[in-house]
Amino acid sequence: AQSVTQPDIHITVSEGASLELRCNYSYGATPYLFWYVQSPGQGLQLLLKYFSGDTLVQGIKGFEAEFKRSQSSFNLRKPSVHWSDAAEYFCAVGSNTGNQFYFGTGTSLTVIP
Amino acid sequence: DGGITQSPKYLFRKEGQNVTLSCEQNLNHDAMYWYRQDPGQGLRLIYYSQIVNDFQKGDIAEGYSVSREKKESFPLTVTSAQKNPTAFYLCASSMLAGHGTYEQYFGPGTRLTVT
């Protein structure tokens, strides 16, 4: 069965500190992987995506993620967090064989001054 | 500007009434989706459509209905049969799988409160 696990429900980091949000997936086909960000009461915005090729992908707002097939992971990183990064982050998996996405339950990020 | 619009932003209804949420996109996407979001549960797929006049049930379709009469529009009706309709509803669209990088684009959402 397809699924996405985000082990951390909530993370608190200090402004300027580095960040890593974890994502593990279970998917039978070749996965397409995504990270989205959601501010309170808003829709989801795509941060970055992985389809093929280089396993380290760069996204918007200074985020990057690394696809590790052997670990079934797609962790999101940022070297220096800004207060405006406080939001909910969702990892998702899909494939080129069907349009359905599977989302994790999200990680809520708090940034303290 | 291309994008997805959802209206209204906030919706209030009495229990027992059906209510329809609007979703329109001008991205020329073939696929459209409805998700329900509850705190701590992430996004759960209600219905999706890959072509006009066709749609498929997602994981939590009971108590909901949709139509896809136009490529640009995918309205969702929350019926009185939905036991717990109060939630945040998100509409999304994408290209079809196999047609390039088909990430989903999301609208701003509609918060439905039923009392």
# chains A, B, ... in the order shown; residues from 1 in each chain; ligands from 1

$ closest_atom_pairs --of "stretch 49-72 of chain A" --to "stretch 85-105 of chain A" --cutoff "12 Å" --atoms "only C-alpha atoms" --output "JSON lines"
{"residue": "A:Lys49", "atom": "CA", "partner": "A:Ala92", "partner_atom": "CA", "distance": 9.4}
{"residue": "A:Tyr50", "atom": "CA", "partner": "A:Val93", "partner_atom": "CA", "distance": 9.6}
{"residue": "A:Phe51", "atom": "CA", "partner": "A:Ser95", "partner_atom": "CA", "distance": 8.6}
{"residue": "A:Ser52", "atom": "CA", "partner": "A:Ser95", "partner_atom": "CA", "distance": 11.1}
{"residue": "A:Ile60", "atom": "CA", "partner": "A:Asp85", "partner_atom": "CA", "distance": 11.5}
{"residue": "A:Lys61", "atom": "CA", "partner": "A:Asp85", "partner_atom": "CA", "distance": 8.6}
{"residue": "A:Gly62", "atom": "CA", "partner": "A:Asp85", "partner_atom": "CA", "distance": 10.3}
{"residue": "A:Phe63", "atom": "CA", "partner": "A:Asp85", "partner_atom": "CA", "distance": 10.2}
{"residue": "A:Ala65", "atom": "CA", "partner": "A:Cys91", "partner_atom": "CA", "distance": 10.7}
{"residue": "A:Phe67", "atom": "CA", "partner": "A:Val93", "partner_atom": "CA", "distance": 11.8}
{"residue": "A:Ser72", "atom": "CA", "partner": "A:Val93", "partner_atom": "CA", "distance": 11.0}

$ residues_around --residues "A:Ile112" --least-positions-apart "6" --cutoff "7 Å" --atoms "only C-alpha atoms" --output "number ranges by chain"
A: 13-15

$ residues_around --residues "A:His10" --least-positions-apart "4" --cutoff "8 Å" --atoms "only C-alpha atoms" --output "ChimeraX atom specification"
/A:107-110

$ write_last_selection --atoms "N, CA and C atoms" --output "compact mmCIF listing (two decimals), in the first residue's frame"
# COMPACT_ATOMS: atom_id res chain seq x y z
N THR A 107 4.15 18.31 9.11
CA THR A 107 5.00 18.71 10.23
C THR A 107 4.82 20.20 10.44
N SER A 108 4.46 20.58 11.63
CA SER A 108 4.27 21.99 11.96
C SER A 108 5.59 22.57 12.46
N LEU A 109 6.03 23.65 11.85
CA LEU A 109 7.31 24.27 12.20
C LEU A 109 7.07 25.58 12.94
N THR A 110 7.66 25.69 14.11
CA THR A 110 7.68 26.94 14.87
C THR A 110 9.09 27.49 14.87

$ select_by_dssp --residues "chain A" --states "strand (DSSP E)" --output "NGL selection string"
:A and (3-5 or 10-14 or 19-21 or 24-26 or 32-38 or 44-50 or 56-58 or 64-68 or 73-78 or 87-95 or 98-103 or 107-112)

$ interface_residues --of "chain B" --to "chain A" --cutoff "6 Å" --atoms "only C-alpha atoms" --output "CSV table (one decimal) with N, CA and C atoms, in the first residue's frame"
chain,number,residue,atom,x,y,z
B,41,GLN,N,-4.5,15.3,10.5
B,41,GLN,CA,-4.8,14.2,9.6
B,41,GLN,C,-4.3,14.5,8.2
B,42,GLY,N,-3.7,15.5,7.9
B,42,GLY,CA,-3.2,15.8,6.6
B,42,GLY,C,-4.3,16.0,5.6
B,97,ALA,N,-1.0,12.4,-15.5
B,97,ALA,CA,0.2,11.6,-15.3
B,97,ALA,C,0.8,11.2,-16.6
B,98,GLY,N,2.1,11.2,-16.7
B,98,GLY,CA,2.7,10.9,-18.0
B,98,GLY,C,2.9,12.0,-19.0
B,106,PHE,N,-2.8,24.1,-5.9
B,106,PHE,CA,-3.9,24.2,-5.0
B,106,PHE,C,-4.6,25.6,-4.9
B,107,GLY,N,-5.9,25.6,-4.7
B,107,GLY,CA,-6.6,26.8,-4.4
B,107,GLY,C,-6.4,27.2,-3.0
B,108,PRO,N,-7.0,28.4,-2.6
B,108,PRO,CA,-6.8,28.9,-1.3
B,108,PRO,C,-7.7,28.2,-0.2
B,109,GLY,N,-8.6,27.4,-0.6
B,109,GLY,CA,-9.4,26.6,0.3
B,109,GLY,C,-10.7,27.3,0.7

$ closest_residue --among "A:Pro7, A:Pro79, A:Pro40, A:Gly59" --to "A:Leu21" --atoms "only C-alpha atoms"
A:Pro7

$ residues_around --residues "B:Leu45" --least-positions-apart "6" --cutoff "7 Å" --atoms "only C-alpha atoms" --output "list in words"
Trp34, Tyr35, Arg36, Gly58, Asp59 and Ile60 of chain B

$ write_last_selection --atoms "C-alpha atoms" --output "CSV table (one decimal), in the first residue's frame"
chain,number,residue,atom,x,y,z
B,34,TRP,CA,-11.0,17.7,-3.9
B,35,TYR,CA,-9.3,17.1,-0.5
B,36,ARG,CA,-10.5,17.5,3.0
B,58,GLY,CA,-11.1,8.9,-3.4
B,59,ASP,CA,-10.6,7.6,0.1
B,60,ILE,CA,-13.5,9.4,1.8

$ closest_residue --among "A:Pro113, A:Leu47, A:Glu66, A:Tyr25" --to "B:Glu103" --atoms "only C-alpha atoms"
A:Leu47

$ residues_around --residues "stretch 8-17 of chain B" --least-positions-apart "2" --cutoff "10 Å" --atoms "only C-alpha atoms" --output "PyMOL selection string"
(chain A and resi 41-42) or (chain B and resi 5-6+19-23+78-86+88-89+108-115)

$ write_last_selection --atoms "N, CA and C atoms" --output "PDB file, in the first residue's frame"
ATOM      1  N   GLY A  41      -4.684  28.689   7.275  1.00  0.00           N
ATOM      2  CA  GLY A  41      -5.862  29.102   6.531  1.00  0.00           C
ATOM      3  C   GLY A  41      -5.654  29.294   5.045  1.00  0.00           C
ATOM      4  N   GLN A  42      -4.535  28.819   4.528  1.00  0.00           N
ATOM      5  CA  GLN A  42      -4.212  29.001   3.114  1.00  0.00           C
ATOM      6  C   GLN A  42      -4.127  27.666   2.390  1.00  0.00           C
TER       7      GLN A  42
ATOM      8  N   THR B   5      -9.262  29.171  -8.226  1.00  0.00           N
ATOM      9  CA  THR B   5     -10.068  29.962  -7.306  1.00  0.00           C
ATOM     10  C   THR B   5     -11.092  29.072  -6.635  1.00  0.00           C
ATOM     11  N   GLN B   6     -11.294  29.312  -5.368  1.00  0.00           N
ATOM     12  CA  GLN B   6     -12.313  28.618  -4.600  1.00  0.00           C
ATOM     13  C   GLN B   6     -13.185  29.673  -3.920  1.00  0.00           C
ATOM     14  N   VAL B  19     -24.665  21.672   0.623  1.00  0.00           N
ATOM     15  CA  VAL B  19     -23.933  22.884   0.287  1.00  0.00           C
ATOM     16  C   VAL B  19     -22.927  22.565  -0.821  1.00  0.00           C
ATOM     17  N   THR B  20     -22.775  23.500  -1.759  1.00  0.00           N
ATOM     18  CA  THR B  20     -21.864  23.293  -2.888  1.00  0.00           C
ATOM     19  C   THR B  20     -20.693  24.262  -2.805  1.00  0.00           C
ATOM     20  N   LEU B  21     -19.486  23.709  -2.919  1.00  0.00           N
ATOM     21  CA  LEU B  21     -18.258  24.486  -2.915  1.00  0.00           C
ATOM     22  C   LEU B  21     -17.767  24.617  -4.358  1.00  0.00           C
ATOM     23  N   SER B  22     -17.364  25.821  -4.691  1.00  0.00           N
ATOM     24  CA  SER B  22     -16.946  26.100  -6.060  1.00  0.00           C
ATOM     25  C   SER B  22     -15.431  25.965  -6.218  1.00  0.00           C
ATOM     26  N   CYS B  23     -15.002  25.455  -7.379  1.00  0.00           N
ATOM     27  CA  CYS B  23     -13.586  25.392  -7.732  1.00  0.00           C
ATOM     28  C   CYS B  23     -13.454  25.627  -9.232  1.00  0.00           C
ATOM     29  N   VAL B  78     -21.426  18.948  -0.567  1.00  0.00           N
ATOM     30  CA  VAL B  78     -21.397  18.259   0.712  1.00  0.00           C
ATOM     31  C   VAL B  78     -22.851  17.996   1.076  1.00  0.00           C
ATOM     32  N   THR B  79     -23.238  16.753   1.103  1.00  0.00           N
ATOM     33  CA  THR B  79     -24.644  16.429   1.320  1.00  0.00           C
ATOM     34  C   THR B  79     -24.940  16.261   2.805  1.00  0.00           C
ATOM     35  N   SER B  80     -26.223  16.183   3.107  1.00  0.00           N
ATOM     36  CA  SER B  80     -26.639  16.003   4.503  1.00  0.00           C
ATOM     37  C   SER B  80     -26.249  14.626   5.027  1.00  0.00           C
ATOM     38  N   ALA B  81     -25.838  13.724   4.134  1.00  0.00           N
ATOM     39  CA  ALA B  81     -25.425  12.385   4.558  1.00  0.00           C
ATOM     40  C   ALA B  81     -24.004  12.369   5.125  1.00  0.00           C
ATOM     41  N   GLN B  82     -23.259  13.446   4.918  1.00  0.00           N
ATOM     42  CA  GLN B  82     -21.892  13.515   5.452  1.00  0.00           C
ATOM     43  C   GLN B  82     -21.996  13.762   6.955  1.00  0.00           C
ATOM     44  N   LYS B  83     -21.493  12.834   7.734  1.00  0.00           N
ATOM     45  CA  LYS B  83     -21.726  12.863   9.187  1.00  0.00           C
ATOM     46  C   LYS B  83     -20.977  13.984   9.906  1.00  0.00           C
ATOM     47  N   ASN B  84     -19.835  14.355   9.413  1.00  0.00           N
ATOM     48  CA  ASN B  84     -19.025  15.369  10.095  1.00  0.00           C
ATOM     49  C   ASN B  84     -18.440  16.319   9.050  1.00  0.00           C
ATOM     50  N   PRO B  85     -19.245  17.205   8.499  1.00  0.00           N
ATOM     51  CA  PRO B  85     -18.813  18.001   7.350  1.00  0.00           C
ATOM     52  C   PRO B  85     -17.925  19.204   7.677  1.00  0.00           C
ATOM     53  N   THR B  86     -17.867  19.610   8.913  1.00  0.00           N
ATOM     54  CA  THR B  86     -17.061  20.785   9.267  1.00  0.00           C
ATOM     55  C   THR B  86     -15.592  20.474   9.035  1.00  0.00           C
ATOM     56  N   PHE B  88     -11.819  21.982   6.476  1.00  0.00           N
ATOM     57  CA  PHE B  88     -11.204  22.854   5.477  1.00  0.00           C
ATOM     58  C   PHE B  88     -11.102  22.051   4.183  1.00  0.00           C
ATOM     59  N   TYR B  89     -11.655  22.599   3.097  1.00  0.00           N
ATOM     60  CA  TYR B  89     -11.700  21.871   1.825  1.00  0.00           C
ATOM     61  C   TYR B  89     -10.789  22.538   0.815  1.00  0.00           C
ATOM     62  N   PRO B 108      -7.000  28.362  -2.606  1.00  0.00           N
ATOM     63  CA  PRO B 108      -6.830  28.902  -1.256  1.00  0.00           C
ATOM     64  C   PRO B 108      -7.672  28.197  -0.196  1.00  0.00           C
ATOM     65  N   GLY B 109      -8.623  27.362  -0.626  1.00  0.00           N
ATOM     66  CA  GLY B 109      -9.416  26.612   0.341  1.00  0.00           C
ATOM     67  C   GLY B 109     -10.716  27.280   0.739  1.00  0.00           C
ATOM     68  N   THR B 110     -11.665  26.445   1.183  1.00  0.00           N
ATOM     69  CA  THR B 110     -12.939  26.906   1.753  1.00  0.00           C
ATOM     70  C   THR B 110     -13.113  26.250   3.115  1.00  0.00           C
ATOM     71  N   ARG B 111     -13.352  27.085   4.120  1.00  0.00           N
ATOM     72  CA  ARG B 111     -13.611  26.544   5.459  1.00  0.00           C
ATOM     73  C   ARG B 111     -15.113  26.449   5.653  1.00  0.00           C
ATOM     74  N   LEU B 112     -15.601  25.230   5.797  1.00  0.00           N
ATOM     75  CA  LEU B 112     -17.028  24.966   5.967  1.00  0.00           C
ATOM     76  C   LEU B 112     -17.314  24.669   7.433  1.00  0.00           C
ATOM     77  N   THR B 113     -18.291  25.363   7.965  1.00  0.00           N
ATOM     78  CA  THR B 113     -18.736  25.117   9.336  1.00  0.00           C
ATOM     79  C   THR B 113     -20.219  24.789   9.311  1.00  0.00           C
ATOM     80  N   VAL B 114     -20.540  23.624   9.844  1.00  0.00           N
ATOM     81  CA  VAL B 114     -21.938  23.181   9.893  1.00  0.00           C
ATOM     82  C   VAL B 114     -22.368  23.072  11.346  1.00  0.00           C
ATOM     83  N   THR B 115     -23.460  23.737  11.674  1.00  0.00           N
ATOM     84  CA  THR B 115     -23.927  23.729  13.077  1.00  0.00           C
ATOM     85  C   THR B 115     -25.352  23.218  13.180  1.00  0.00           C
TER      86      THR B 115
END

$ select_by_dssp --residues "stretch 59-108 of chain A" --states "helix (DSSP H, G or I)" --output "JSON, numbers by chain"
{"A": [60, 61, 62, 69, 70, 71, 83, 84, 85]}

$ write_last_selection --atoms "N, CA and C atoms" --output "mmCIF file, in the first residue's frame"
data_model
loop_
_atom_site.group_PDB
_atom_site.id
_atom_site.type_symbol
_atom_site.label_atom_id
_atom_site.label_comp_id
_atom_site.auth_asym_id
_atom_site.auth_seq_id
_atom_site.Cartn_x
_atom_site.Cartn_y
_atom_site.Cartn_z
ATOM 1 N N ILE A 60 12.189 26.490 -3.913
ATOM 2 C CA ILE A 60 12.044 27.919 -3.634
ATOM 3 C C ILE A 60 12.345 28.210 -2.175
ATOM 4 N N LYS A 61 12.558 29.463 -1.852
ATOM 5 C CA LYS A 61 12.769 29.940 -0.482
ATOM 6 C C LYS A 61 13.991 29.317 0.183
ATOM 7 N N GLY A 62 14.963 28.856 -0.613
ATOM 8 C CA GLY A 62 16.194 28.320 -0.052
ATOM 9 C C GLY A 62 16.121 26.883 0.447
ATOM 10 N N ARG A 69 16.843 6.490 -2.293
ATOM 11 C CA ARG A 69 16.014 5.327 -2.638
ATOM 12 C C ARG A 69 16.201 4.202 -1.636
ATOM 13 N N SER A 70 17.447 3.979 -1.197
ATOM 14 C CA SER A 70 17.733 2.853 -0.304
ATOM 15 C C SER A 70 17.035 3.023 1.049
ATOM 16 N N GLN A 71 16.770 4.260 1.429
ATOM 17 C CA GLN A 71 16.114 4.533 2.709
ATOM 18 C C GLN A 71 14.650 4.929 2.525
ATOM 19 N N TRP A 83 12.133 33.539 10.309
ATOM 20 C CA TRP A 83 10.856 33.519 11.039
ATOM 21 C C TRP A 83 9.687 33.267 10.102
ATOM 22 N N SER A 84 9.806 33.717 8.852
ATOM 23 C CA SER A 84 8.701 33.556 7.897
ATOM 24 C C SER A 84 8.534 32.111 7.436
ATOM 25 N N ASP A 85 9.454 31.229 7.810
ATOM 26 C CA ASP A 85 9.329 29.813 7.431
ATOM 27 C C ASP A 85 8.360 29.058 8.340
#

$ atom_distance --atom1 "atom CA of B:Asp30" --atom2 "atom CA of B:Lys71"
6.6 Å

$ closest_residue --among "A:Gln58, A:Gln2, A:Ser80, A:Asn75" --to "A:Thr30" --atoms "only C-alpha atoms"
A:Gln2

$ atom_distance --atom1 "atom CA of A:Ser3" --atom2 "atom CA of B:Pro75"
27.2 Å

$ atom_distance --atom1 "atom CA of B:Met32" --atom2 "atom CA of B:Ala61"
14.8 Å

$ decode --residues "stretch 68-81 of chain B" --atoms "N, CA, C and O atoms" --output "short mmCIF file (atom, residue, chain, number, x, y, z; two decimals), in the first residue's frame"
data_model
loop_
_atom_site.label_atom_id
_atom_site.label_comp_id
_atom_site.auth_asym_id
_atom_site.auth_seq_id
_atom_site.Cartn_x
_atom_site.Cartn_y
_atom_site.Cartn_z
N ARG B 68 -18.35 17.25 -13.30
CA ARG B 68 -17.28 17.83 -14.12
C ARG B 68 -17.85 18.05 -15.53
O ARG B 68 -17.60 17.32 -16.46
N GLU B 69 -18.66 19.10 -15.64
CA GLU B 69 -19.31 19.42 -16.90
C GLU B 69 -18.42 20.26 -17.80
O GLU B 69 -18.60 20.29 -19.03
N LYS B 70 -17.47 20.97 -17.19
CA LYS B 70 -16.53 21.78 -17.95
C LYS B 70 -15.12 21.48 -17.46
O LYS B 70 -14.91 21.17 -16.29
N LYS B 71 -14.15 21.62 -18.33
CA LYS B 71 -12.76 21.34 -17.95
C LYS B 71 -12.31 22.25 -16.81
O LYS B 71 -11.52 21.86 -15.97
N GLU B 72 -12.82 23.48 -16.80
CA GLU B 72 -12.34 24.47 -15.85
C GLU B 72 -12.97 24.36 -14.47
O GLU B 72 -12.50 24.97 -13.52
N SER B 73 -14.04 23.59 -14.33
CA SER B 73 -14.84 23.65 -13.12
C SER B 73 -15.06 22.28 -12.51
O SER B 73 -15.34 21.31 -13.24
N PHE B 74 -15.00 22.19 -11.18
CA PHE B 74 -15.15 20.90 -10.50
C PHE B 74 -15.82 21.16 -9.14
O PHE B 74 -15.20 21.08 -8.10
N PRO B 75 -17.11 21.45 -9.13
CA PRO B 75 -17.78 21.77 -7.86
C PRO B 75 -18.00 20.53 -6.99
O PRO B 75 -18.24 19.43 -7.51
N LEU B 76 -17.94 20.75 -5.70
CA LEU B 76 -18.13 19.69 -4.71
C LEU B 76 -19.38 19.99 -3.89
O LEU B 76 -19.52 21.09 -3.36
N THR B 77 -20.28 19.01 -3.81
CA THR B 77 -21.46 19.14 -2.95
C THR B 77 -21.28 18.30 -1.70
O THR B 77 -21.01 17.10 -1.80
N VAL B 78 -21.43 18.95 -0.57
CA VAL B 78 -21.40 18.26 0.71
C VAL B 78 -22.85 18.00 1.08
O VAL B 78 -23.63 18.93 1.30
N THR B 79 -23.24 16.75 1.10
CA THR B 79 -24.64 16.43 1.32
C THR B 79 -24.94 16.26 2.80
O THR B 79 -24.03 16.15 3.64
N SER B 80 -26.22 16.18 3.11
CA SER B 80 -26.64 16.00 4.50
C SER B 80 -26.25 14.63 5.03
O SER B 80 -26.30 14.37 6.23
N ALA B 81 -25.84 13.72 4.13
CA ALA B 81 -25.42 12.39 4.56
C ALA B 81 -24.00 12.37 5.13
O ALA B 81 -23.59 11.38 5.74
#
